[in-house]
Every structure is written in structure tokens, then in C-alpha cells.
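Asker: Here you go, this is run_33.cif (mmCIF, C-alpha atoms).
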```
data_target
#
loop_
_atom_site.label_atom_id
_atom_site.label_comp_id
_atom_site.auth_asym_id
_atom_site.auth_seq_id
_atom_site.Cartn_x
_atom_site.Cartn_y
_atom_site.Cartn_z
CA THR A 130 97.94 92.86 124.60
CA SER A 131 98.16 90.21 121.94
CA THR A 132 94.55 89.02 122.28
CA GLU A 133 91.34 90.75 121.25
CA GLY A 134 87.79 89.26 121.49
CA GLY A 135 88.18 85.73 120.16
CA LEU A 136 91.49 86.41 118.40
CA GLU A 137 95.11 85.94 119.37
CA ARG A 138 98.49 86.65 117.90
CA PHE A 139 100.80 83.67 117.55
CA ASP A 140 104.13 82.70 116.04
CA CYS A 141 103.52 80.79 112.89
CA PRO A 142 106.22 78.30 111.76
CA GLY A 143 107.79 79.50 108.51
CA LYS A 144 105.47 82.50 108.23
CA GLY A 145 106.48 84.70 111.16
CA ARG A 146 103.56 86.13 113.12
CA GLY A 147 99.95 85.37 112.48
CA LEU A 148 96.46 85.66 113.89
CA ARG A 149 94.21 82.80 114.98
CA VAL A 150 90.76 82.41 116.50
CA THR A 151 90.22 81.26 120.09
CA ARG A 152 86.51 80.56 119.63
CA PRO A 153 84.30 79.30 116.78
CA PHE A 154 83.18 81.73 114.07
CA ARG A 155 80.43 81.04 111.53
CA VAL A 156 80.40 82.10 107.88
CA GLY A 157 79.52 85.80 107.72
CA GLU A 158 80.46 86.49 111.33
CA LEU A 159 82.57 89.58 112.10
CA LEU A 160 85.98 88.77 113.61
CA LEU A 161 87.44 92.24 113.72
CA SER A 162 86.55 95.82 112.94
CA CYS A 163 89.59 98.07 112.75
CA PRO A 164 89.70 101.85 112.31
CA PRO A 165 92.60 103.08 110.18
CA PHE A 166 95.81 104.22 111.83
CA SER A 167 95.97 106.65 108.89
CA HIS A 168 94.04 106.88 105.64
CA VAL A 169 93.97 109.02 102.52
CA LEU A 170 91.32 109.59 99.86
CA SER A 171 92.44 109.17 96.26
CA VAL A 172 92.92 112.45 94.38
CA LYS A 173 90.57 111.29 91.62
CA GLU A 174 87.74 110.66 94.13
CA ARG A 175 87.79 114.18 95.57
CA GLY A 176 84.38 115.77 95.64
CA CYS A 177 82.62 112.37 95.60
CA TYR A 178 83.57 111.28 99.12
CA CYS A 179 84.19 113.02 102.42
CA GLU A 180 87.97 113.17 102.99
CA ASN A 181 87.48 112.36 106.66
CA CYS A 182 84.90 109.56 106.84
CA PHE A 183 84.61 108.42 103.18
CA THR A 184 80.84 108.97 103.14
CA ARG A 185 79.62 109.19 99.55
CA LYS A 186 77.05 111.91 99.06
CA GLU A 187 75.97 114.86 96.95
CA GLY A 188 76.61 118.40 98.12
CA LEU A 189 79.77 117.96 100.18
CA ALA A 190 81.26 121.20 101.52
CA LYS A 191 84.66 122.20 100.14
CA CYS A 192 87.65 123.50 102.05
CA GLY A 193 87.56 127.28 101.72
CA LYS A 194 91.35 127.59 101.55
CA CYS A 195 92.43 125.10 98.87
CA LYS A 196 89.01 124.36 97.31
CA LYS A 197 90.22 120.80 96.73
CA ALA A 198 89.11 118.81 99.79
CA PHE A 199 85.45 118.05 100.50
CA TYR A 200 83.64 117.19 103.74
CA CYS A 201 80.24 116.13 105.08
CA ASN A 202 80.19 119.09 107.47
CA VAL A 203 82.33 121.24 109.76
CA LYS A 204 82.75 118.36 112.23
CA CYS A 205 84.40 116.15 109.57
CA GLN A 206 86.48 119.08 108.34
CA LYS A 207 87.80 119.79 111.85
CA ALA A 208 88.51 116.11 112.49
CA ASP A 209 90.59 115.94 109.31
CA TRP A 210 92.41 119.27 109.65
CA ALA A 211 95.56 117.87 111.32
CA MET A 212 96.00 115.70 108.19
CA HIS A 213 94.63 118.08 105.56
CA LYS A 214 96.89 120.93 106.70
CA LEU A 215 99.88 118.84 105.52
CA GLU A 216 98.57 119.48 101.98
CA CYS A 217 96.20 122.45 102.02
CA SER A 218 98.63 125.35 101.51
CA ALA A 219 101.12 123.18 99.59
CA MET A 220 98.52 122.31 96.93
CA THR A 221 97.84 126.02 96.42
CA ALA A 222 101.54 126.91 96.39
CA PHE A 223 102.61 124.16 93.98
CA GLY A 224 99.49 124.32 91.81
CA GLU A 225 99.80 122.01 88.79
CA ASN A 226 103.17 120.77 90.08
CA TRP A 227 101.69 119.24 93.23
CA CYS A 228 101.93 115.51 92.45
CA PRO A 229 102.91 113.24 95.37
CA SER A 230 101.91 109.58 94.95
CA GLU A 231 99.15 108.18 97.13
CA MET A 232 101.85 106.26 98.97
CA THR A 233 103.74 109.48 99.73
CA ARG A 234 100.54 111.15 100.93
CA LEU A 235 99.72 108.25 103.27
CA VAL A 236 103.25 108.14 104.71
CA ALA A 237 103.13 111.89 105.42
CA ARG A 238 99.93 111.31 107.41
CA ILE A 239 101.43 108.40 109.33
CA LEU A 240 104.42 110.55 110.27
CA ALA A 241 102.18 113.42 111.39
CA LYS A 242 100.06 111.05 113.48
CA LYS A 243 103.10 109.37 115.06
CA LYS A 244 104.35 112.83 116.12
CA THR A 245 101.19 113.70 118.04
CA GLN A 246 100.32 110.19 119.24
CA LYS A 247 100.58 109.66 122.99
CA GLU A 248 99.49 106.04 123.39
CA SER A 249 98.64 103.18 121.07
CA CYS A 250 95.61 103.80 118.91
CA ALA A 251 92.40 101.79 118.39
CA SER A 252 93.89 100.19 115.27
CA GLU A 253 96.80 98.75 117.29
CA LYS A 254 95.14 96.47 119.82
CA ILE A 255 97.16 93.45 118.70
CA LEU A 256 100.07 94.90 116.70
CA LEU A 257 101.78 98.29 116.96
CA ILE A 258 102.37 100.31 113.80
CA GLY A 259 106.14 100.25 114.36
CA ASP A 260 106.12 96.45 114.56
CA ILE A 261 104.70 95.94 111.08
CA GLN A 262 107.01 93.89 108.87
CA SER A 263 109.26 95.73 106.43
CA HIS A 264 111.23 94.30 103.47
CA VAL A 265 113.78 97.01 102.67
CA GLU A 266 116.53 94.45 102.09
CA ASP A 267 114.40 92.31 99.74
CA GLU A 268 113.44 95.06 97.32
CA ASP A 269 114.64 95.00 93.72
CA ASN A 270 116.08 98.05 91.94
CA GLU A 271 112.77 99.27 90.55
CA GLN A 272 111.17 99.08 93.99
CA LYS A 273 114.15 100.91 95.50
CA GLN A 274 113.83 103.63 92.86
CA ASN A 275 110.12 104.07 93.60
CA ARG A 276 110.96 104.30 97.29
CA GLU A 277 113.58 106.98 96.62
CA ALA A 278 111.14 108.94 94.45
CA ASP A 279 108.60 108.86 97.28
CA ILE A 280 111.24 110.07 99.75
CA ALA A 281 112.16 112.91 97.40
CA ALA A 282 108.46 113.83 97.14
CA LEU A 283 108.13 113.85 100.94
CA HIS A 284 110.95 116.38 101.12
CA ARG A 285 109.59 118.43 98.24
CA PHE A 286 105.92 118.60 99.20
CA TYR A 287 105.80 118.03 102.97
CA SER A 288 109.00 119.27 104.64
CA LYS A 289 107.41 122.62 105.50
CA HIS A 290 104.80 120.98 107.75
CA LEU A 291 106.68 117.88 108.88
CA ASP A 292 110.05 117.21 110.51
CA LEU A 293 111.03 114.24 108.38
CA PRO A 294 113.02 111.43 110.02
CA GLU A 295 116.32 110.33 108.54
CA HIS A 296 116.59 108.49 105.25
CA LYS A 297 116.89 104.96 106.67
CA ASP A 298 113.72 105.37 108.76
CA LEU A 299 111.80 106.67 105.78
CA GLN A 300 112.92 103.69 103.71
CA THR A 301 111.67 101.35 106.43
CA LEU A 302 108.32 103.11 106.74
CA LEU A 303 107.76 103.18 102.98
CA SER A 304 108.57 99.49 102.77
CA GLN A 305 106.18 98.75 105.65
CA VAL A 306 103.38 100.62 103.93
CA ALA A 307 104.12 99.05 100.53
CA CYS A 308 103.71 95.55 101.97
CA ASN A 309 100.99 96.29 104.52
CA GLY A 310 98.90 99.13 103.12
CA PHE A 311 95.31 98.34 102.14
CA THR A 312 93.51 99.86 99.20
CA ILE A 313 90.00 100.85 100.23
CA GLU A 314 87.52 99.85 97.55
CA ASP A 315 83.78 100.35 97.07
CA ASP A 316 81.09 97.75 96.34
CA GLU A 317 82.20 97.55 92.68
CA LEU A 318 85.90 97.27 93.70
CA SER A 319 86.60 100.78 92.48
CA HIS A 320 89.62 102.31 94.24
CA MET A 321 88.72 104.98 96.83
CA GLY A 322 91.90 105.39 98.84
CA THR A 323 94.68 103.77 100.85
CA ALA A 324 95.00 103.10 104.57
CA VAL A 325 97.07 101.32 107.18
CA TYR A 326 95.46 98.93 109.69
CA PRO A 327 98.17 97.46 111.96
CA ASP A 328 95.93 94.74 113.45
CA VAL A 329 94.74 93.57 110.01
CA ALA A 330 98.36 93.63 108.76
CA LEU A 331 99.03 90.74 111.12
CA ILE A 332 96.85 88.41 109.01
CA ASN A 333 98.75 86.03 106.73
CA HIS A 334 97.89 85.12 103.16
CA SER A 335 96.27 82.02 101.70
CA CYS A 336 94.83 81.29 98.25
CA LEU A 337 92.05 79.53 100.19
CA PRO A 338 91.24 82.39 102.59
CA SER A 339 89.15 81.85 105.73
CA VAL A 340 88.17 85.53 105.96
CA ILE A 341 87.54 88.52 103.70
CA VAL A 342 88.27 92.22 104.33
CA THR A 343 85.67 94.84 103.40
CA TYR A 344 85.36 98.53 104.25
CA ASN A 345 82.74 100.43 106.20
CA GLY A 346 83.54 104.12 105.85
CA THR A 347 87.27 104.14 106.58
CA SER A 348 87.18 101.08 108.88
CA ALA A 349 88.31 97.63 107.76
CA GLU A 350 85.99 94.76 108.67
CA VAL A 351 87.09 91.13 108.69
CA ARG A 352 84.42 88.43 108.28
CA ALA A 353 84.59 84.65 108.08
CA VAL A 354 83.98 83.06 104.68
CA GLN A 355 84.50 79.57 106.12
CA ASP A 356 83.25 78.16 109.42
CA MET A 357 86.18 78.42 111.84
CA LYS A 358 87.01 76.43 114.96
CA PRO A 359 89.29 77.47 117.87
CA GLY A 360 92.95 77.38 116.80
CA ASP A 361 92.23 77.98 113.09
CA GLU A 362 94.45 80.62 111.51
CA VAL A 363 92.84 83.78 110.15
CA LEU A 364 93.88 83.97 106.49
CA ILE A 365 93.10 86.56 103.82
CA SER A 366 94.13 86.73 100.21
CA TYR A 367 96.64 89.46 99.38
CA ILE A 368 96.12 89.09 95.63
CA ASP A 369 93.55 88.44 92.93
CA LEU A 370 92.85 84.69 93.10
CA LEU A 371 91.71 84.33 89.49
CA TYR A 372 95.13 83.34 88.17
CA PRO A 373 96.86 79.94 88.12
CA THR A 374 99.37 78.93 90.80
CA ASP A 375 102.58 80.07 89.05
CA ASP A 376 101.16 83.51 88.29
CA ARG A 377 99.87 83.92 91.85
CA ASN A 378 103.21 83.04 93.36
CA HIS A 379 105.09 85.25 90.94
CA ARG A 380 102.91 88.14 92.15
CA LEU A 381 103.35 87.20 95.84
CA ARG A 382 107.14 87.00 95.51
CA GLU A 383 107.30 90.27 93.62
CA SER A 384 105.09 92.30 95.98
CA TYR A 385 105.26 90.48 99.33
CA PHE A 386 108.51 88.47 99.17
CA PHE A 387 107.20 84.98 99.95
CA THR A 388 105.83 81.91 98.19
CA CYS A 389 102.49 80.46 99.26
CA ASN A 390 102.22 76.80 100.15
CA CYS A 391 98.50 76.58 100.85
CA GLN A 392 96.56 73.49 99.79
CA GLU A 393 95.59 75.09 96.47
CA CYS A 394 99.24 75.95 95.67
CA LYS A 395 100.27 72.36 96.45
CA SER A 396 97.44 70.64 94.57
CA LYS A 397 97.01 73.25 91.79
CA SER A 398 93.48 71.79 91.61
CA LYS A 399 92.01 74.74 89.68
CA ASP A 400 94.92 75.34 87.30
CA LYS A 401 93.57 73.08 84.59
CA ALA A 402 90.20 74.87 84.45
CA LYS A 403 91.92 78.25 84.61
CA LEU A 404 94.12 77.46 81.60
CA LYS A 405 91.44 75.73 79.56
CA VAL A 406 92.18 75.26 75.87
CA ARG A 407 89.62 75.60 73.07
CA LYS A 408 88.12 72.32 71.85
CA ARG A 409 89.21 71.81 68.23
CA SER A 410 88.95 68.94 65.77
CA ASP A 411 92.73 69.22 65.23
CA PRO A 412 94.25 69.00 68.74
CA ILE A 413 96.36 72.00 69.77
CA GLU A 414 100.12 71.43 70.04
CA PRO A 415 101.75 71.92 73.48
CA ASP A 416 104.11 74.45 71.84
CA ASP A 417 101.16 76.51 70.64
CA ILE A 418 99.80 76.57 74.17
CA SER A 419 103.05 77.70 75.78
CA ASN A 420 103.61 80.32 73.06
CA MET A 421 100.10 81.66 73.54
CA THR A 422 100.54 81.73 77.33
CA ARG A 423 103.70 83.80 76.84
CA TYR A 424 101.81 86.09 74.46
CA ALA A 425 98.98 86.46 76.99
CA ARG A 426 101.26 87.44 79.88
CA LYS A 427 103.14 89.89 77.66
CA THR A 428 99.89 91.46 76.40
CA ILE A 429 98.55 91.88 79.94
CA ARG A 430 101.78 93.68 80.90
CA GLU A 431 101.66 95.89 77.81
CA PHE A 432 98.01 96.76 78.30
CA ARG A 433 98.68 97.72 81.91
CA ALA A 434 101.44 100.06 80.73
CA CYS A 435 99.23 101.58 78.01
CA LYS A 436 96.45 102.37 80.48
CA HIS A 437 98.85 104.74 82.26
CA ILE A 438 99.83 106.66 79.13
CA LYS A 439 98.54 110.25 79.30
CA ASN A 440 95.86 111.04 76.69
CA ILE A 441 95.67 107.49 75.31
CA LEU A 442 92.40 107.01 73.43
CA PRO A 443 89.94 104.59 75.06
CA SER A 444 89.12 103.34 71.56
CA SER A 445 92.73 102.22 71.05
CA LEU A 446 92.66 100.42 74.43
CA LEU A 447 89.48 98.64 73.34
CA GLU A 448 91.16 97.70 70.09
CA MET A 449 94.08 96.18 72.01
CA CYS A 450 91.61 94.06 74.01
CA GLU A 451 89.69 92.90 70.96
CA GLN A 452 92.87 92.09 69.05
CA SER A 453 94.36 90.06 71.89
CA LEU A 454 91.07 88.23 72.49
CA GLU A 455 90.98 87.23 68.85
CA GLN A 456 94.59 86.02 68.98
CA MET A 457 94.19 84.09 72.23
CA GLY A 458 90.78 82.77 71.23
CA SER A 459 92.35 80.59 68.56
CA VAL A 460 93.99 78.53 71.32
CA PHE A 461 92.26 79.37 74.63
CA ALA A 462 88.69 78.62 75.66
CA ASP A 463 86.48 81.60 76.56
CA SER A 464 86.73 80.66 80.25
CA ASN A 465 90.56 80.72 80.22
CA VAL A 466 91.70 83.32 82.78
CA PHE A 467 93.84 85.18 80.23
CA MET A 468 90.74 85.60 78.06
CA LEU A 469 88.74 86.66 81.13
CA HIS A 470 91.41 89.20 82.05
CA MET A 471 91.19 90.95 78.68
CA MET A 472 87.37 90.75 78.66
CA TYR A 473 87.36 92.41 82.07
CA GLN A 474 89.64 95.18 80.78
CA ALA A 475 87.42 95.60 77.71
CA MET A 476 84.36 95.84 79.95
CA GLY A 477 86.11 98.55 81.95
CA VAL A 478 86.78 100.59 78.81
CA CYS A 479 83.13 100.17 77.72
CA LEU A 480 81.99 101.42 81.14
CA TYR A 481 84.32 104.40 80.80
CA LEU A 482 82.84 105.13 77.35
CA GLN A 483 79.34 104.73 78.83
CA ASP A 484 78.65 101.94 76.35
CA ALA A 485 76.28 99.88 78.50
CA GLU A 486 75.49 97.30 75.82
CA GLY A 487 79.18 96.67 75.15
CA ALA A 488 79.90 96.36 78.87
CA VAL A 489 77.00 93.92 79.35
CA SER A 490 78.15 91.69 76.48
CA TYR A 491 81.58 91.32 78.11
CA GLY A 492 80.11 90.95 81.61
CA GLU A 493 77.85 88.12 80.46
CA ARG A 494 80.85 86.21 79.09
CA ILE A 495 82.81 86.77 82.32
CA ILE A 496 80.35 86.04 85.12
CA LYS A 497 79.88 82.26 84.85
CA PRO A 498 83.60 81.38 84.68
CA TYR A 499 84.22 83.88 87.50
CA SER A 500 81.74 82.14 89.79
CA GLN A 501 83.39 78.78 89.03
CA LEU A 502 87.03 79.86 89.32
CA TYR A 503 86.91 82.15 92.37
CA PRO A 504 86.30 80.86 95.93
CA PRO A 505 82.63 80.69 97.11
CA TYR A 506 82.45 84.18 98.63
CA SER A 507 84.42 86.50 96.39
CA LEU A 508 84.21 90.27 96.02
CA ASN A 509 85.36 89.85 92.42
CA VAL A 510 82.20 87.83 91.77
CA SER A 511 79.82 90.04 93.78
CA SER A 512 81.15 93.23 92.16
CA MET A 513 80.70 91.71 88.70
CA TYR A 514 77.08 90.75 89.50
CA LEU A 515 76.59 94.27 90.85
CA LYS A 516 77.96 95.95 87.72
CA LEU A 517 75.88 93.66 85.49
CA GLY A 518 72.73 94.16 87.56
CA ARG A 519 73.09 97.95 87.46
CA LEU A 520 73.76 97.88 83.72
CA TYR A 521 70.65 95.76 83.11
CA MET A 522 68.60 98.20 85.19
CA SER A 523 69.95 101.14 83.15
CA LEU A 524 68.96 99.28 79.97
CA GLU A 525 65.47 98.70 81.44
CA LYS A 526 66.04 94.94 81.61
CA HIS A 527 64.40 94.78 85.02
CA SER A 528 64.11 91.06 85.70
CA ALA A 529 67.67 90.32 84.57
CA GLY A 530 68.79 93.24 86.74
CA VAL A 531 67.03 91.94 89.83
CA ARG A 532 68.45 88.44 89.28
CA ALA A 533 72.01 89.73 89.08
CA LEU A 534 71.62 92.10 92.04
CA LYS A 535 70.24 89.26 94.19
CA LYS A 536 73.29 87.13 93.33
CA ALA A 537 75.52 90.02 94.42
CA MET A 538 73.48 90.42 97.59
CA ALA A 539 73.90 86.76 98.62
CA ILE A 540 77.70 87.17 98.60
CA MET A 541 77.72 90.66 100.11
CA GLU A 542 75.54 89.65 103.07
CA VAL A 543 78.41 87.36 104.09
CA ALA A 544 81.31 89.63 103.08
CA HIS A 545 79.93 93.03 104.15
CA GLY A 546 77.37 91.93 106.75
CA LYS A 547 73.59 92.32 106.39
CA ASP A 548 73.55 95.79 107.98
CA HIS A 549 76.15 97.43 105.75
CA LEU A 550 75.03 100.59 103.97
CA TYR A 551 75.79 98.89 100.63
CA LEU A 552 73.18 96.24 101.41
CA LYS A 553 70.58 98.77 102.47
CA GLU A 554 71.16 100.57 99.16
CA LEU A 555 71.05 97.30 97.25
CA ARG A 556 67.70 96.31 98.73
CA LYS A 557 66.35 99.70 97.60
CA GLU A 558 67.68 99.13 94.08
CA ILE A 559 66.05 95.71 93.91
CA THR A 560 62.61 96.93 95.01
CA GLN A 561 62.64 100.08 92.86
CA LYS A 562 60.76 99.65 89.60
#
```
How does the structure come out when it is put into C-alpha cells?
Answerer:
Amino acid sequence: TSTEGGLERFDCPGKGRGLRVTRPFRVGELLLSCPPFSHVLSVKERGCYCENCFTRKEGLAKCGKCKKAFYCNVKCQKADWAMHKLECSAMTAFGENWCPSEMTRLVARILAKKKTQKESCASEKILLIGDIQSHVEDEDNEQKQNREADIAALHRFYSKHLDLPEHKDLQTLLSQVACNGFTIEDDELSHMGTAVYPDVALINHSCLPSVIVTYNGTSAEVRAVQDMKPGDEVLISYIDLLYPTDDRNHRLRESYFFTCNCQECKSKSKDKAKLKVRKRSDPIEPDDISNMTRYARKTIREFRACKHIKNILPSSLLEMCEQSLEQMGSVFADSNVFMLHMMYQAMGVCLYLQDAEGAVSYGERIIKPYSQLYPPYSLNVSSMYLKLGRLYMSLEKHSAGVRALKKAMAIMEVAHGKDHLYLKELRKEITQK
């Protein structure tokens, strides 16, 4: 079927398929809850979450064979075995050399599930996995190379347990997952894993989204962040909405092969605030601004590359942030998104170094501009309030902590729903002295 409780699939002029509502939805109301077709827990989160249901708890039981996968109990372990067995003996056999990307791991699971699948699954009520859009022909050379590396890794690490389809079909599947995979994130937007949700993949992008996707265990939940009337299109944001229009569309073209023409992209109404220049007695030359913007984009790219260098010192990453903030600060206002980007990175390094005071000082500079520049209900804003609130609590600044946590809660009650485990935990945190 192409309809599902208050939702229907439709052909959207210029955008291909889309999803729209057939009845009204209020802010905070759940439109869709979708189990994953396939999901995979990030290697770095092993031992913190159950591989099967993504429950976070102490004292998970480990797989006796590989000692690498962890589960709530035997029931979760059995439920996951068909997927875990793709990796269990291979991880032991390859040892240190076992290194498939998360993308490769997810695709292996999709292939295994497709093999055993008899009829369409609960995640495919509106759109079948095979009908997800792929962009093989649009990919640039770097993307093609990544795809080929993933295919090589499938053959290297998974061919013993999987009959792999031919090359062309693997290219298509990898492209489908690259454009339609979802990263599962926790309440602080920390990466937990990757999954595919065919029904959610039907939802088109807008920089003024009408809904937001959050995760409950491994399921994706879609809730309204605007009041919706019958016929309204369901729209999520595929990207971080902090950046100005040109940067957003560059990212959309690069990763998703389209340009957005939502109202915000046409009017660019927030661009001026996002690119705010420092007030100075001697006005800043337009050339200085464009040079500094170039410098900012280059620095962001370089910093991203440096973060992936093995054994790089956190202190040198922090130095990069501080240096670039000083440079940019001569031209840009503190609320300029390029400044905010580097402050956010600096805060992340402070958190990694367990420097709570340092993290708080960056967080305090970030939060107000964030709440002005992001849409009304934004996980970027709630997660920042959450981090700040928890930092204040750890520094025994109780009333500041409660204030920040309550701000996070107001957003999360809409985005995650009032009954989400995160909100139950948050209410506990707020009432605990």
C-alpha cells in the first residue's frame, strides 16, 4: 500500500516521490514510527549499548565467541545472531586487520536480511527497500572510489558468510544506503550507529522542516514540529541547518544531488544574521569579509581532516580552534556561524579532555546564537542545552543546571515525545539534588 495512518505517498513535481499527511497533525504529534530494515551499532559504542536493541545499560553480557558484541540478555543475543554471525568468526580470524566501514557493515546486514526475507517488512509499509532512490550515475570520483573500497571490503570480510550479488547491484545498494541511510544519535547527538528505514527515506528535504526524526531504541520516530493540515508535505532536514544558504546547498548537492528551493533558500532571510560581521569603528572592507569567509571554510575542512589523523593530540586540535577563532574574530561577530562552528569543535575537544570549565565557557558563547539561528524545535539546540545542563550539574552549579535542562526538556518533549526514556531520565536529573 502507499498509505499508512494519516500519511500517503505522492508524486512531487520536481522532487520525485514524497510523503504527505491526509489528516491534521499538531506540533509534537507522532506521524510515523518505523523499525529499521537493518541497523548496525558503531564499533566505538560496543559494550555501552546492546547490539540488538540499542539499550544503554551497565553490565551487558558479551558474546562468548568473539568477546566483542554485547547484549541485554540471551533473548537479544539470539535475535541478533543472524546478523552478528556475519562478523563473529571473521573478527576473530582477521584480528587487528578487521576494519570494514560502518557502511560496509550495514550493507552486509541488508544483503543477509534480503536473502532470508519472505515478504515486505514492518519498515516497508509505504516504500520497499529495493525502491529507494540511488544515485550511482551522479557520483563523483571520490564517491566512486569510496564505493569501490566498500565493495572490496564486502568481498574481503563477508564473502564467507554471504553470497554477494554482482558488482553493479552492489554499487546500486551502496549508493542507496549512502543517500538514504540514517545515523542513529543519542540525546546529545552523539553517533550510536547507522540504519535504513525505507518508509522514512521517502521523506523529502526542506530547510524549514515540518517534522523531526528521533530514535527510540533502534526505531525512527517522526514528529511534527509545525502544525500540519491535510495535504501538507512531510519534510525533514537532511543536513545541519546552522549554515547559510550557499553552504547548505553545496552540502545537499555534494551528498544528495539536488538543490533546495524551500522558502528559506529563496529568501535567504537568515543569511545576514548567520554571517554577521564584528562592529568596528573602522568599517570592514567587503574584500576582508570574502577573504575571511574563504579562510573559514578552508579551516573547517582542514580541522575535519585533522580530527581523523591517528594519534593527533587533542591539545593541538584545541590550538587550531583557538587560533582560527582569533583570526576570524577580527572580522566576524561571535554569533557568526563560522565562529560558532569552531567554538563547537573546541567544546568537543574540552569534553574529550574532561575539561568541564572549558567546555562550559564555549557552550555559553554558543547557546544563544544557536537558539536564534536554528528553527524553533532543533535537536542541535536541545543537545547543547543538555550538555550545558549536565556540565553545570557536574560543577555543582545546580540552579544553572536545572535551567538549562528545562530548556532542553521543552524541545525534547516535542521532538522525542513526553514518554521517551530520555525524558524520564531528564526529569530524574532535574529533581536530583
Asker: Residue by residue, what does the PyMOL selection byres ((chain A and resi 430-446) around 9) grab here? Present the result as an MDAnalysis selection string.
Answerer: chainID A and resid 425:429 447:451 471 474:475 478:479 481:482
Asker: Would you translate the PyMOL selection byres ((chain A and resi 544) around 7) into the concrete set of residues it matches in this file, as number ranges by chain?
Answerer: A: 157, 341, 343, 352, 540-543, 545-546
Asker: When you look at Trp210 of chain A with a cut-off of 12 Å (counting all atoms listed in the file), what residues show up, excluding the ones that are within fewer than 3 positions of it in the same chain? I need them as a PyMOL selection string.
Answerer: chain A and resi 180-181+192+194+198-200+203-207+213-218+238+241-242
Asker: Using the chain letters and numbers from the file, give me the residues hit by the PyMOL selection byres ((chain A and resi 262) around 9), as a list of chain:residue names.
Answerer: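 Selected by the PyMOL selection byres ((chain A and resi 262) around 9) here: A:Gly259, A:Asp260, A:Ile261, A:Ser263, A:His264, A:Ser304, A:Gln305, A:Cys308, A:Asn309, A:Ala330, A:Leu331.
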Asker: I need the chosen residues saved as a CSV table (one decimal), in the frame of the given file, with C-alpha atoms.
Answerer:
```csv
chain,number,residue,atom,x,y,z
A,259,GLY,CA,106.1,100.2,114.4
A,260,ASP,CA,106.1,96.4,114.6
A,261,ILE,CA,104.7,95.9,111.1
A,263,SER,CA,109.3,95.7,106.4
A,264,HIS,CA,111.2,94.3,103.5
A,304,SER,CA,108.6,99.5,102.8
A,305,GLN,CA,106.2,98.8,105.6
A,308,CYS,CA,103.7,95.6,102.0
A,309,ASN,CA,101.0,96.3,104.5
A,330,ALA,CA,98.4,93.6,108.8
A,331,LEU,CA,99.0,90.7,111.1
```
Asker: Nearest to Thr151 of chain A: which of A:Gln501, A:Cys195, A:Ser490, A:Gly360 is it, counting only C-alpha atoms?
Answerer: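 Closest to Thr151 of chain A of all the choices is A:Gly360.
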Asker: Please list as a list in words every residue within 12 Å of Lys401 of chain A, counting all atoms listed in the file and excluding residues in the same chain fewer than 6 positions away.
Answerer: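 Selected residues are Tyr372, Pro373, Thr374, Phe461, Ala462, Ser464, Asn465, Val466 and Leu502 of chain A.
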Asker: Just how far from atom CA of Cys163 of chain A is atom CA of Val329 of chain A, in Å to one decimal?
Answerer: 7.4 Å
Asker: Would you please work out which residue, of A:His290, A:Lys186, A:Lys497, A:Arg407, is nearest to Leu240 of chain A when using only C-alpha atoms?
Answerer: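 Of A:His290, A:Lys186, A:Lys497, A:Arg407, the one nearest Leu240 of chain A, counting only C-alpha atoms, is A:His290.
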